[in-house]
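To start, the structure itself, in structure tokens.
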Amino acid sequence: MLRTEEFTLNMGPQHPATHGVFRLILHLDGETIVKAEPVLGYLHRGIEKLAESRTYTQVIPYTDRLDYLAAMLNNLGYVQAVEKMIGVEVPERAEYIRVIVSEMSRIASHCIATGAYALDLGGFTGFMYPFREREKLMDMFEMICGSRMTFSYIRVGGVAADLPEEFYPAIKKFLQEFPSCVDEYDGLITGNEIFQARTKGIGILPAEKAVKYSLSGPVLRGSGVKYDLRKARPYGIYDRFDFEVPVGKNGDCFDRYYCRILEMRQSHRIIKQALEQLQELPEGPVMAKVPKVLKPPKGDVYHEIEGAKGILGYYVVSDGTVNPYRVHVRRPSFINLDLIDEMCRGWKIADVVAILGSIDIVLGEVDC
Amino acid sequence: MENLFVNTAGSIRNIMENSGLSPLLSDAVLVMFKLLAILVFVLINALWLVYMERKIAGYIQCRYGPNRVGPKGLLQTTADIGKLISKEIIIPRGADKILFLLSPALIFAPPLMVFMVVPFGENMAAVELNIGVFYFLAVASLSTVIFWMAGWASNNKYSLLGGMRVVAQMISYELPMVLAILGVVMITGTLNMSEIIRAQENTWFIFTQPVAFLIYFIAGVAECNRAPFDLAEGESEIVAGPFTEYSGMGFAMFFLAEYANMVLVSFMAATLFLGGWLAPFGLTFIPGWIWMLLKVYVLIFLFMWLRWTYPRIRVDQLMGFGWKVLVPLSLANIFVTGVAIKVLDMIGW
Amino acid sequence: MESNQIIQELKDKYRSIEINKNSVTVAEEELLPLMRQLRDVYGFNYLTDETAVDYKDYFEIVYNVCRLCRGDMLMIKTKVDKEKAAVPSMFSIWPGAVWMEREIYDLMGINFTGHPDMRRILLDDNFEGHPLRKDFKWTGGREV
Amino acid sequence: MQMFGSGLIKGLAITWKELFTKKVTVQYPDEIYPLPDRFHGKFKLNKDACISCGMCVRACPNKVITMETETVARKKRLLKYTMDIKYCLFCGLCVEACPKNALGYVKDFELAQYKRDKLTVVLAAEEPLPREEKERLEAEAAQRAAAAKKAAGARGGSAFGNKAEGGE
């Protein structure tokens, strides 16, 4: 009998489809995967250790660098945790601005997830169109807070500055064009038979296994578990908007991908409602009365929000001084990866790329 | 204008004959000229197509594509080739040196060899071979060996995977291509390209053999490793397949050979199915060879359009599609053509 | 079943429970049975977060479990003394804890008994020391 | 399920439509995309507005700003103000922390340098005052203080109430 031998392939830290410096040691039998061993830590900057020698406001720029594709949501999570500890009341106007800005950040993150996924499967044009929408969003972010990706805009007690005048026409134009752009992605990527052949029935993730392994976000909802923190445990003013939580049926790559497309449409709805309600609000402050140097009382708090990649939690311990005693970040991409080995077994190399793309990880968040 | 090239060839022959060369020698020199012309045509075409592809890709993706180097970006490919020539050719340790250096040199051979037979216009084929189509199929499948040589010689796991994928893909798409062409040959009864074109006087074979054209086109896309079948160098899976380890001129040769292959398959499709130099609806004031070029470029645009729209197929889906769909379809096509020819004979057409 | 009712019921069953403002602290011995009861009886099927904090004279492991059907969350803490630094692993109840515990072992140096593969996850395998400990010394860098 | 190929045809139709839509590329070196006014770009320091209080130095998370001052006649004077841009996060906390809005941005994003040491941006660099200049200023300050005390002593009884007596 022909003696075949297993050979290991290094889908190494430097690989076009690993969305960053993530390494997967594949033990291959021909093209089928026998074992996939993830190796992490190439982008570990020790943000949790850095935060311990910074003041509470100085930690905000570091939270931008966790999931640098949806930085607003990182800011929101950390800032709401600290506010819970201090017990400060955020003004109405700032709450609405926070919702608009974080939903915009969620759409920008899902645009990249969709684009990068189409690129991983070979459709280069499918990569370009979502990035065009993301450029529009980044220009609006630049108007609001001066930088395109790392905003540090949401502050303890409100937001850094009110929305500028030229923001409103830009967001209205974006809200008008966006649904037709998502239809374009549907037509080009979702409807495409080759794309469906590459994603339907691949990397099946049963619902109870997803719950047992604490997966979250579109990965969990793709398997049919209806759990979105904005609905399950509303934080901020999310209970004032009506939107649905898209849920997949059989937990394969296609459902995870399609959940993100539907979530983009829902975020679009939220922004529209939030903008209408914001414009009815009278002019008001965007920042509560908060001392320049924050000294939260001794104690700890754990606060979770629905990040773009999943549940983003911040556990902040304060010992009464100016610097936080311990900041722990519950990172969705990190925890969504713990099933990668089982999900990839038995599939081909091309499917590993599809499965990894459907989980949508960002290495800044995985390695923290 | 119609037979511009035929007259020039004739006048060159007279000059040589008058200057006292023996007919045999003048023939040899004339064939040299023809081959030189074809070589220049293929290389210029390869350069131009790289620029055309990047422009079309740009315009499809709502951006401009190269427009900085030279007027409207026309010198972009020459700049690329210049850059690639100046790059150092790195031979990985443990690589099989001879094969590693031989494969980029050989990659251009099969397409060039076949271009000798391709009729650019009315009796403008360099060599009027009466088994033209058969020669094309035989030589075109040589490039599989060269890709595999590159994949095996560069001693890199990704190249090995890429090489094996290329072998699997090109061999399994050779069969439907042959069977599709068989449909055409059954109608014309000859393998000579010019005869096939002349047989399409009144109806092009694309109308009498639509299924064969479709199968041939899909198999052609797979032969040149173009999307959606570009598994050989699937960037996001196996980095760059057989030519991961190549840098500098080696990589440029592979890159340009892909375009030469594409031009070749489009020429063959134009000859077999779109009536070569025959003008559609009798517009003969445009010379034949320009019609030939027009048809080739329409097909090449179709290749590029496919590439910038579709994602990539997985390996086993590719094989499944090739063997389970294309081969039975082409066999059915042969059967139907056979029956149709018999029936038409009987009612005495 | 509201979370404070659950805590009252647990308090009668496990003596070592202390209830503080937003969390419940339990001794290490009764950790596993308590957690198993939380998942099986009260339906806390989702372990969202598990982390560790290095206080002056003890480590503290913090678990956050929640119920997907109702979305409410409970924070359970347990103290670990610094020399022994070993806690039963939650792998048998919530397999999702595997990577979280590997990260705690990697950065804080707390061992988890019963863990399938207790290895470092973020740092290099032959890296000495555990950076998130307060007494972690290092040379170079711009931090004071 | 509609016909098998319909998704493929739809994809082609979309790319064909996109072939003729307006392009979005901005030809960078020739036309510059208009930057919003809150743009976090290169830093500029208004030297005379700066009272060298050091609030920005403390506000920066990454210790990017270093400042040297010199006190002459009890008045602080800014000498050297350098920002090590390679560590800067462009978060804007320093600009917000400045009480006098002396630190601000310029709408310019081309900050790359060829040499690492060029990355340290020097926003203010004055020479410390020569020694005799310093004595002269101190002497003047001393006279002014003495004159002020004398004037305060003359009006001691009336305007200041008991605060002035406490001052003696």
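Starting from 1 in every chain, residues are counted up; chains themselves are A, B, ... following the order of the structure tokens, and ligands are numbered from 1 as listed.
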Please find the residues of chain D near chain C - the criterion being any atom within 12 Å, counting only C-alpha atoms - and write them as a ChimeraX atom specification. /D:61-64,87
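Using only C-alpha atoms, we find that the part of chain D lying within 12 Å of chain B comprises Gly7, Leu8, Ile9, Lys10, Gly11, Leu12, Ala13, Ile14, Thr15, Trp16, Lys17, Glu18, Leu19, Phe20, Thr21, Lys22, Lys23, Val24, Thr25, Val26, Gln27, Tyr28, Pro29 and Asp30 of chain D.
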Could those selected residues go to a file with N, CA and C atoms, as a JSON list (two decimals), in the first residue's frame?
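Contents of out-v2.json, as written:
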[["chain", "number", "residue", "atom", "x", "y", "z"],
["D", 7, "GLY", "N", -27.36, 33.89, -9.99],
["D", 7, "GLY", "CA", -26.50, 34.69, -9.10],
["D", 7, "GLY", "C", -25.26, 35.13, -9.83],
["D", 8, "LEU", "N", -24.72, 34.22, -10.66],
["D", 8, "LEU", "CA", -23.48, 34.57, -11.38],
["D", 8, "LEU", "C", -23.77, 35.71, -12.35],
["D", 9, "ILE", "N", -24.91, 35.62, -13.06],
["D", 9, "ILE", "CA", -25.21, 36.68, -14.04],
["D", 9, "ILE", "C", -25.39, 38.01, -13.29],
["D", 10, "LYS", "N", -26.07, 37.96, -12.14],
["D", 10, "LYS", "CA", -26.31, 39.20, -11.39],
["D", 10, "LYS", "C", -24.96, 39.83, -11.00],
["D", 11, "GLY", "N", -24.03, 38.96, -10.60],
["D", 11, "GLY", "CA", -22.70, 39.49, -10.24],
["D", 11, "GLY", "C", -22.09, 40.22, -11.42],
["D", 12, "LEU", "N", -22.18, 39.62, -12.61],
["D", 12, "LEU", "CA", -21.60, 40.27, -13.80],
["D", 12, "LEU", "C", -22.31, 41.59, -14.05],
["D", 13, "ALA", "N", -23.63, 41.60, -13.89],
["D", 13, "ALA", "CA", -24.36, 42.85, -14.16],
["D", 13, "ALA", "C", -23.86, 43.95, -13.23],
["D", 14, "ILE", "N", -23.62, 43.60, -11.98],
["D", 14, "ILE", "CA", -23.18, 44.62, -11.01],
["D", 14, "ILE", "C", -21.81, 45.16, -11.40],
["D", 15, "THR", "N", -20.88, 44.25, -11.77],
["D", 15, "THR", "CA", -19.55, 44.77, -12.12],
["D", 15, "THR", "C", -19.63, 45.59, -13.41],
["D", 16, "TRP", "N", -20.54, 45.21, -14.32],
["D", 16, "TRP", "CA", -20.67, 46.00, -15.54],
["D", 16, "TRP", "C", -21.16, 47.42, -15.19],
["D", 17, "LYS", "N", -22.15, 47.46, -14.26],
["D", 17, "LYS", "CA", -22.68, 48.78, -13.89],
["D", 17, "LYS", "C", -21.56, 49.60, -13.24],
["D", 18, "GLU", "N", -20.78, 48.93, -12.37],
["D", 18, "GLU", "CA", -19.74, 49.67, -11.65],
["D", 18, "GLU", "C", -18.64, 50.15, -12.60],
["D", 19, "LEU", "N", -18.54, 49.47, -13.76],
["D", 19, "LEU", "CA", -17.48, 49.85, -14.72],
["D", 19, "LEU", "C", -17.66, 51.31, -15.12],
["D", 20, "PHE", "N", -18.93, 51.79, -15.12],
["D", 20, "PHE", "CA", -19.16, 53.14, -15.66],
["D", 20, "PHE", "C", -19.51, 54.15, -14.58],
["D", 21, "THR", "N", -19.45, 53.73, -13.29],
["D", 21, "THR", "CA", -19.82, 54.73, -12.27],
["D", 21, "THR", "C", -18.63, 55.68, -12.05],
["D", 22, "LYS", "N", -18.90, 56.79, -11.37],
["D", 22, "LYS", "CA", -17.84, 57.78, -11.13],
["D", 22, "LYS", "C", -16.82, 57.17, -10.17],
["D", 23, "LYS", "N", -15.56, 57.46, -10.42],
["D", 23, "LYS", "CA", -14.52, 56.84, -9.59],
["D", 23, "LYS", "C", -14.31, 57.68, -8.34],
["D", 24, "VAL", "N", -13.79, 57.04, -7.29],
["D", 24, "VAL", "CA", -13.68, 57.77, -6.01],
["D", 24, "VAL", "C", -12.24, 58.13, -5.69],
["D", 25, "THR", "N", -11.31, 57.75, -6.57],
["D", 25, "THR", "CA", -9.90, 57.97, -6.16],
["D", 25, "THR", "C", -9.57, 59.45, -6.10],
["D", 26, "VAL", "N", -8.79, 59.84, -5.11],
["D", 26, "VAL", "CA", -8.29, 61.23, -5.01],
["D", 26, "VAL", "C", -6.83, 61.17, -5.45],
["D", 27, "GLN", "N", -6.45, 61.95, -6.46],
["D", 27, "GLN", "CA", -5.07, 61.86, -6.95],
["D", 27, "GLN", "C", -4.17, 62.53, -5.92],
["D", 28, "TYR", "N", -3.61, 61.80, -5.02],
["D", 28, "TYR", "CA", -3.05, 62.36, -3.78],
["D", 28, "TYR", "C", -2.06, 63.51, -3.97],
["D", 29, "PRO", "N", -0.90, 63.31, -4.61],
["D", 29, "PRO", "CA", -0.01, 64.47, -4.48],
["D", 29, "PRO", "C", -0.59, 65.70, -5.20],
["D", 30, "ASP", "N", -1.39, 65.50, -6.26],
["D", 30, "ASP", "CA", -1.86, 66.70, -6.97],
["D", 30, "ASP", "C", -3.03, 67.31, -6.20]]
Should the cut-off be 8 Å, what would the residue list for chain A against chain C look like, counting only C-alpha atoms, as a VMD selection string? chain A and resid 39 to 42 44 48 to 49 211 to 215 227 229 232 to 233 313 326 328 330 335 338 367
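The gap separating atom CA of Leu161 of chain B from atom CA of Gly346 of chain A is 17.2 Å, in Å to one decimal.
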Quick one: residues within 9 Å of Met118 of chain C, only C-alpha atoms, excluding same-chain residues fewer than 2 positions away - as a PDB file with all heavy atoms, in the first residue's frame?
ATOM      1  N   VAL C  98     -11.342  27.220  28.847  1.00  0.00           N
ATOM      2  CA  VAL C  98      -9.988  26.687  28.545  1.00  0.00           C
ATOM      3  C   VAL C  98      -9.022  27.818  28.244  1.00  0.00           C
ATOM      4  O   VAL C  98      -8.007  28.002  28.928  1.00  0.00           O
ATOM      5  CB  VAL C  98     -10.104  25.721  27.325  1.00  0.00           C
ATOM      6  CG1 VAL C  98      -8.737  25.412  26.776  1.00  0.00           C
ATOM      7  CG2 VAL C  98     -10.841  24.483  27.736  1.00  0.00           C
ATOM      8  N   GLU C 101      -8.445  30.424  31.060  1.00  0.00           N
ATOM      9  CA  GLU C 101      -7.565  29.973  32.154  1.00  0.00           C
ATOM     10  C   GLU C 101      -6.118  29.884  31.690  1.00  0.00           C
ATOM     11  O   GLU C 101      -5.181  30.193  32.422  1.00  0.00           O
ATOM     12  CB  GLU C 101      -8.068  28.612  32.673  1.00  0.00           C
ATOM     13  CG  GLU C 101      -9.305  28.777  33.557  1.00  0.00           C
ATOM     14  CD  GLU C 101     -10.014  27.465  33.826  1.00  0.00           C
ATOM     15  OE1 GLU C 101      -9.573  26.432  33.266  1.00  0.00           O
ATOM     16  OE2 GLU C 101     -10.979  27.472  34.591  1.00  0.00           O
ATOM     17  N   ARG C 102      -5.943  29.515  30.420  1.00  0.00           N
ATOM     18  CA  ARG C 102      -4.548  29.486  29.933  1.00  0.00           C
ATOM     19  C   ARG C 102      -3.969  30.893  29.969  1.00  0.00           C
ATOM     20  O   ARG C 102      -2.801  31.105  30.312  1.00  0.00           O
ATOM     21  CB  ARG C 102      -4.524  28.946  28.492  1.00  0.00           C
ATOM     22  CG  ARG C 102      -4.499  27.434  28.439  1.00  0.00           C
ATOM     23  CD  ARG C 102      -4.461  26.957  27.004  1.00  0.00           C
ATOM     24  NE  ARG C 102      -3.192  27.300  26.352  1.00  0.00           N
ATOM     25  CZ  ARG C 102      -2.980  27.063  25.033  1.00  0.00           C
ATOM     26  NH1 ARG C 102      -3.940  26.542  24.290  1.00  0.00           N
ATOM     27  NH2 ARG C 102      -1.831  27.369  24.481  1.00  0.00           N
ATOM     28  N   TYR C 105      -3.104  31.689  33.523  1.00  0.00           N
ATOM     29  CA  TYR C 105      -1.858  30.989  33.918  1.00  0.00           C
ATOM     30  C   TYR C 105      -0.666  31.710  33.290  1.00  0.00           C
ATOM     31  O   TYR C 105       0.351  31.972  33.936  1.00  0.00           O
ATOM     32  CB  TYR C 105      -1.918  29.536  33.448  1.00  0.00           C
ATOM     33  CG  TYR C 105      -0.567  28.861  33.454  1.00  0.00           C
ATOM     34  CD1 TYR C 105       0.064  28.556  34.662  1.00  0.00           C
ATOM     35  CD2 TYR C 105       0.107  28.602  32.261  1.00  0.00           C
ATOM     36  CE1 TYR C 105       1.320  27.984  34.673  1.00  0.00           C
ATOM     37  CE2 TYR C 105       1.367  28.030  32.272  1.00  0.00           C
ATOM     38  CZ  TYR C 105       1.973  27.729  33.479  1.00  0.00           C
ATOM     39  OH  TYR C 105       3.220  27.176  33.478  1.00  0.00           O
ATOM     40  N   ASN C 111      -2.138  28.228  38.641  1.00  0.00           N
ATOM     41  CA  ASN C 111      -2.310  26.921  38.001  1.00  0.00           C
ATOM     42  C   ASN C 111      -3.760  26.461  38.126  1.00  0.00           C
ATOM     43  O   ASN C 111      -4.418  26.786  39.112  1.00  0.00           O
ATOM     44  CB  ASN C 111      -1.395  25.893  38.708  1.00  0.00           C
ATOM     45  CG  ASN C 111      -0.679  25.076  37.673  1.00  0.00           C
ATOM     46  OD1 ASN C 111      -1.368  24.531  36.812  1.00  0.00           O
ATOM     47  ND2 ASN C 111       0.639  25.085  37.712  1.00  0.00           N
ATOM     48  N   PHE C 112      -4.236  25.750  37.112  1.00  0.00           N
ATOM     49  CA  PHE C 112      -5.636  25.265  37.149  1.00  0.00           C
ATOM     50  C   PHE C 112      -5.589  23.748  37.099  1.00  0.00           C
ATOM     51  O   PHE C 112      -5.153  23.173  36.091  1.00  0.00           O
ATOM     52  CB  PHE C 112      -6.437  25.822  35.961  1.00  0.00           C
ATOM     53  CG  PHE C 112      -6.737  27.280  36.110  1.00  0.00           C
ATOM     54  CD1 PHE C 112      -5.821  28.229  35.693  1.00  0.00           C
ATOM     55  CD2 PHE C 112      -7.907  27.700  36.711  1.00  0.00           C
ATOM     56  CE1 PHE C 112      -6.073  29.580  35.859  1.00  0.00           C
ATOM     57  CE2 PHE C 112      -8.167  29.054  36.883  1.00  0.00           C
ATOM     58  CZ  PHE C 112      -7.255  29.991  36.453  1.00  0.00           C
ATOM     59  N   THR C 113      -6.020  23.105  38.208  1.00  0.00           N
ATOM     60  CA  THR C 113      -5.980  21.631  38.222  1.00  0.00           C
ATOM     61  C   THR C 113      -7.126  21.100  37.359  1.00  0.00           C
ATOM     62  O   THR C 113      -8.216  21.685  37.336  1.00  0.00           O
ATOM     63  CB  THR C 113      -6.199  21.164  39.672  1.00  0.00           C
ATOM     64  OG1 THR C 113      -7.387  21.823  40.146  1.00  0.00           O
ATOM     65  CG2 THR C 113      -5.030  21.594  40.550  1.00  0.00           C
ATOM     66  N   GLY C 114      -6.844  20.051  36.617  1.00  0.00           N
ATOM     67  CA  GLY C 114      -7.889  19.444  35.795  1.00  0.00           C
ATOM     68  C   GLY C 114      -8.036  20.160  34.463  1.00  0.00           C
ATOM     69  O   GLY C 114      -9.018  20.009  33.758  1.00  0.00           O
ATOM     70  N   HIS C 115      -7.013  20.941  34.092  1.00  0.00           N
ATOM     71  CA  HIS C 115      -7.131  21.683  32.833  1.00  0.00           C
ATOM     72  C   HIS C 115      -6.548  20.814  31.717  1.00  0.00           C
ATOM     73  O   HIS C 115      -5.482  20.222  31.885  1.00  0.00           O
ATOM     74  CB  HIS C 115      -6.329  22.989  32.959  1.00  0.00           C
ATOM     75  CG  HIS C 115      -6.578  23.943  31.831  1.00  0.00           C
ATOM     76  ND1 HIS C 115      -5.988  23.798  30.598  1.00  0.00           N
ATOM     77  CD2 HIS C 115      -7.359  25.052  31.746  1.00  0.00           C
ATOM     78  CE1 HIS C 115      -6.392  24.775  29.804  1.00  0.00           C
ATOM     79  NE2 HIS C 115      -7.224  25.547  30.471  1.00  0.00           N
ATOM     80  N   PRO C 116      -7.188  20.701  30.541  1.00  0.00           N
ATOM     81  CA  PRO C 116      -6.707  19.781  29.501  1.00  0.00           C
ATOM     82  C   PRO C 116      -5.276  20.060  29.058  1.00  0.00           C
ATOM     83  O   PRO C 116      -4.446  19.156  29.072  1.00  0.00           O
ATOM     84  CB  PRO C 116      -7.674  19.963  28.334  1.00  0.00           C
ATOM     85  CG  PRO C 116      -8.549  21.110  28.694  1.00  0.00           C
ATOM     86  CD  PRO C 116      -8.413  21.386  30.137  1.00  0.00           C
ATOM     87  N   ARG C 120       1.304  28.063  28.216  1.00  0.00           N
ATOM     88  CA  ARG C 120       1.178  29.513  27.984  1.00  0.00           C
ATOM     89  C   ARG C 120       0.432  29.721  26.661  1.00  0.00           C
ATOM     90  O   ARG C 120       0.554  28.928  25.730  1.00  0.00           O
ATOM     91  CB  ARG C 120       2.580  30.133  27.872  1.00  0.00           C
ATOM     92  CG  ARG C 120       3.286  30.260  29.214  1.00  0.00           C
ATOM     93  CD  ARG C 120       4.610  31.007  29.039  1.00  0.00           C
ATOM     94  NE  ARG C 120       5.325  31.125  30.301  1.00  0.00           N
ATOM     95  CZ  ARG C 120       5.209  32.165  31.122  1.00  0.00           C
ATOM     96  NH1 ARG C 120       4.368  33.154  30.801  1.00  0.00           N
ATOM     97  NH2 ARG C 120       5.864  32.222  32.250  1.00  0.00           N
TER      98      ARG C 120
END
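Every chain A residue lying within 7 Å of chain D, based on only C-alpha atoms, is listed here: A:Arg54, A:Gln58, A:Pro61, A:Glu142, A:Met143, A:Cys145, A:Gly146, A:Ser147, A:Phe151, A:Ser152, A:Gly187, A:Leu188, A:Gly191, A:Asn192, A:Glu193.
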Could you list, as an MDAnalysis selection string, the residues of chain A having an atom within 8 Å of chain B when counting only C-alpha atoms? chainID A and resid 9 15:17 118:126 128:129 188 192 194:195 197:198 349:350 353
Apply DSSP to the structure's backbone, then extract all residues of segment 2-137 of chain C labelled strand (DSSP E or B) and return them as a VMD selection string. chain C and resid 18 to 19 24 to 25 46 to 54 58 to 66 73 to 81 86 to 88 111 to 113
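The neighbours of segment 213-217 of chain B here are the residues that come within 9 Å of it, using only C-alpha atoms and leaving out any residue fewer than 6 positions away in the same chain; they are Pro176, Met177, Val178, Leu179, Ala180, Ile181, Phe205, Ile206, Phe207, Val265, Ser266, Ala269, Leu272, Phe273, Leu326, Val327, Leu329 and Ser330 of chain B.
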I want to know what sits within 12 Å of Leu142 of chain B, based on only C-alpha atoms, with residues of the same chain fewer than 5 positions away left out; could you give that as an NGL selection string? :B and (103 or 106-114 or 135-137 or 147-149 or 167 or 170-171 or 174 or 223 or 261)
Going by DSSP on the backbone, which residues of chain D come out as alpha helix (DSSP H)? List them as number ranges by chain. D: 6-19, 55-59, 93-97, 131-154, 162-167
Residue with the minimum atom-to-atom distance to Pro99 of chain D, picked from D:Met3, D:Ile51, D:Leu119, D:Leu79 with only C-alpha atoms counted, is D:Ile51
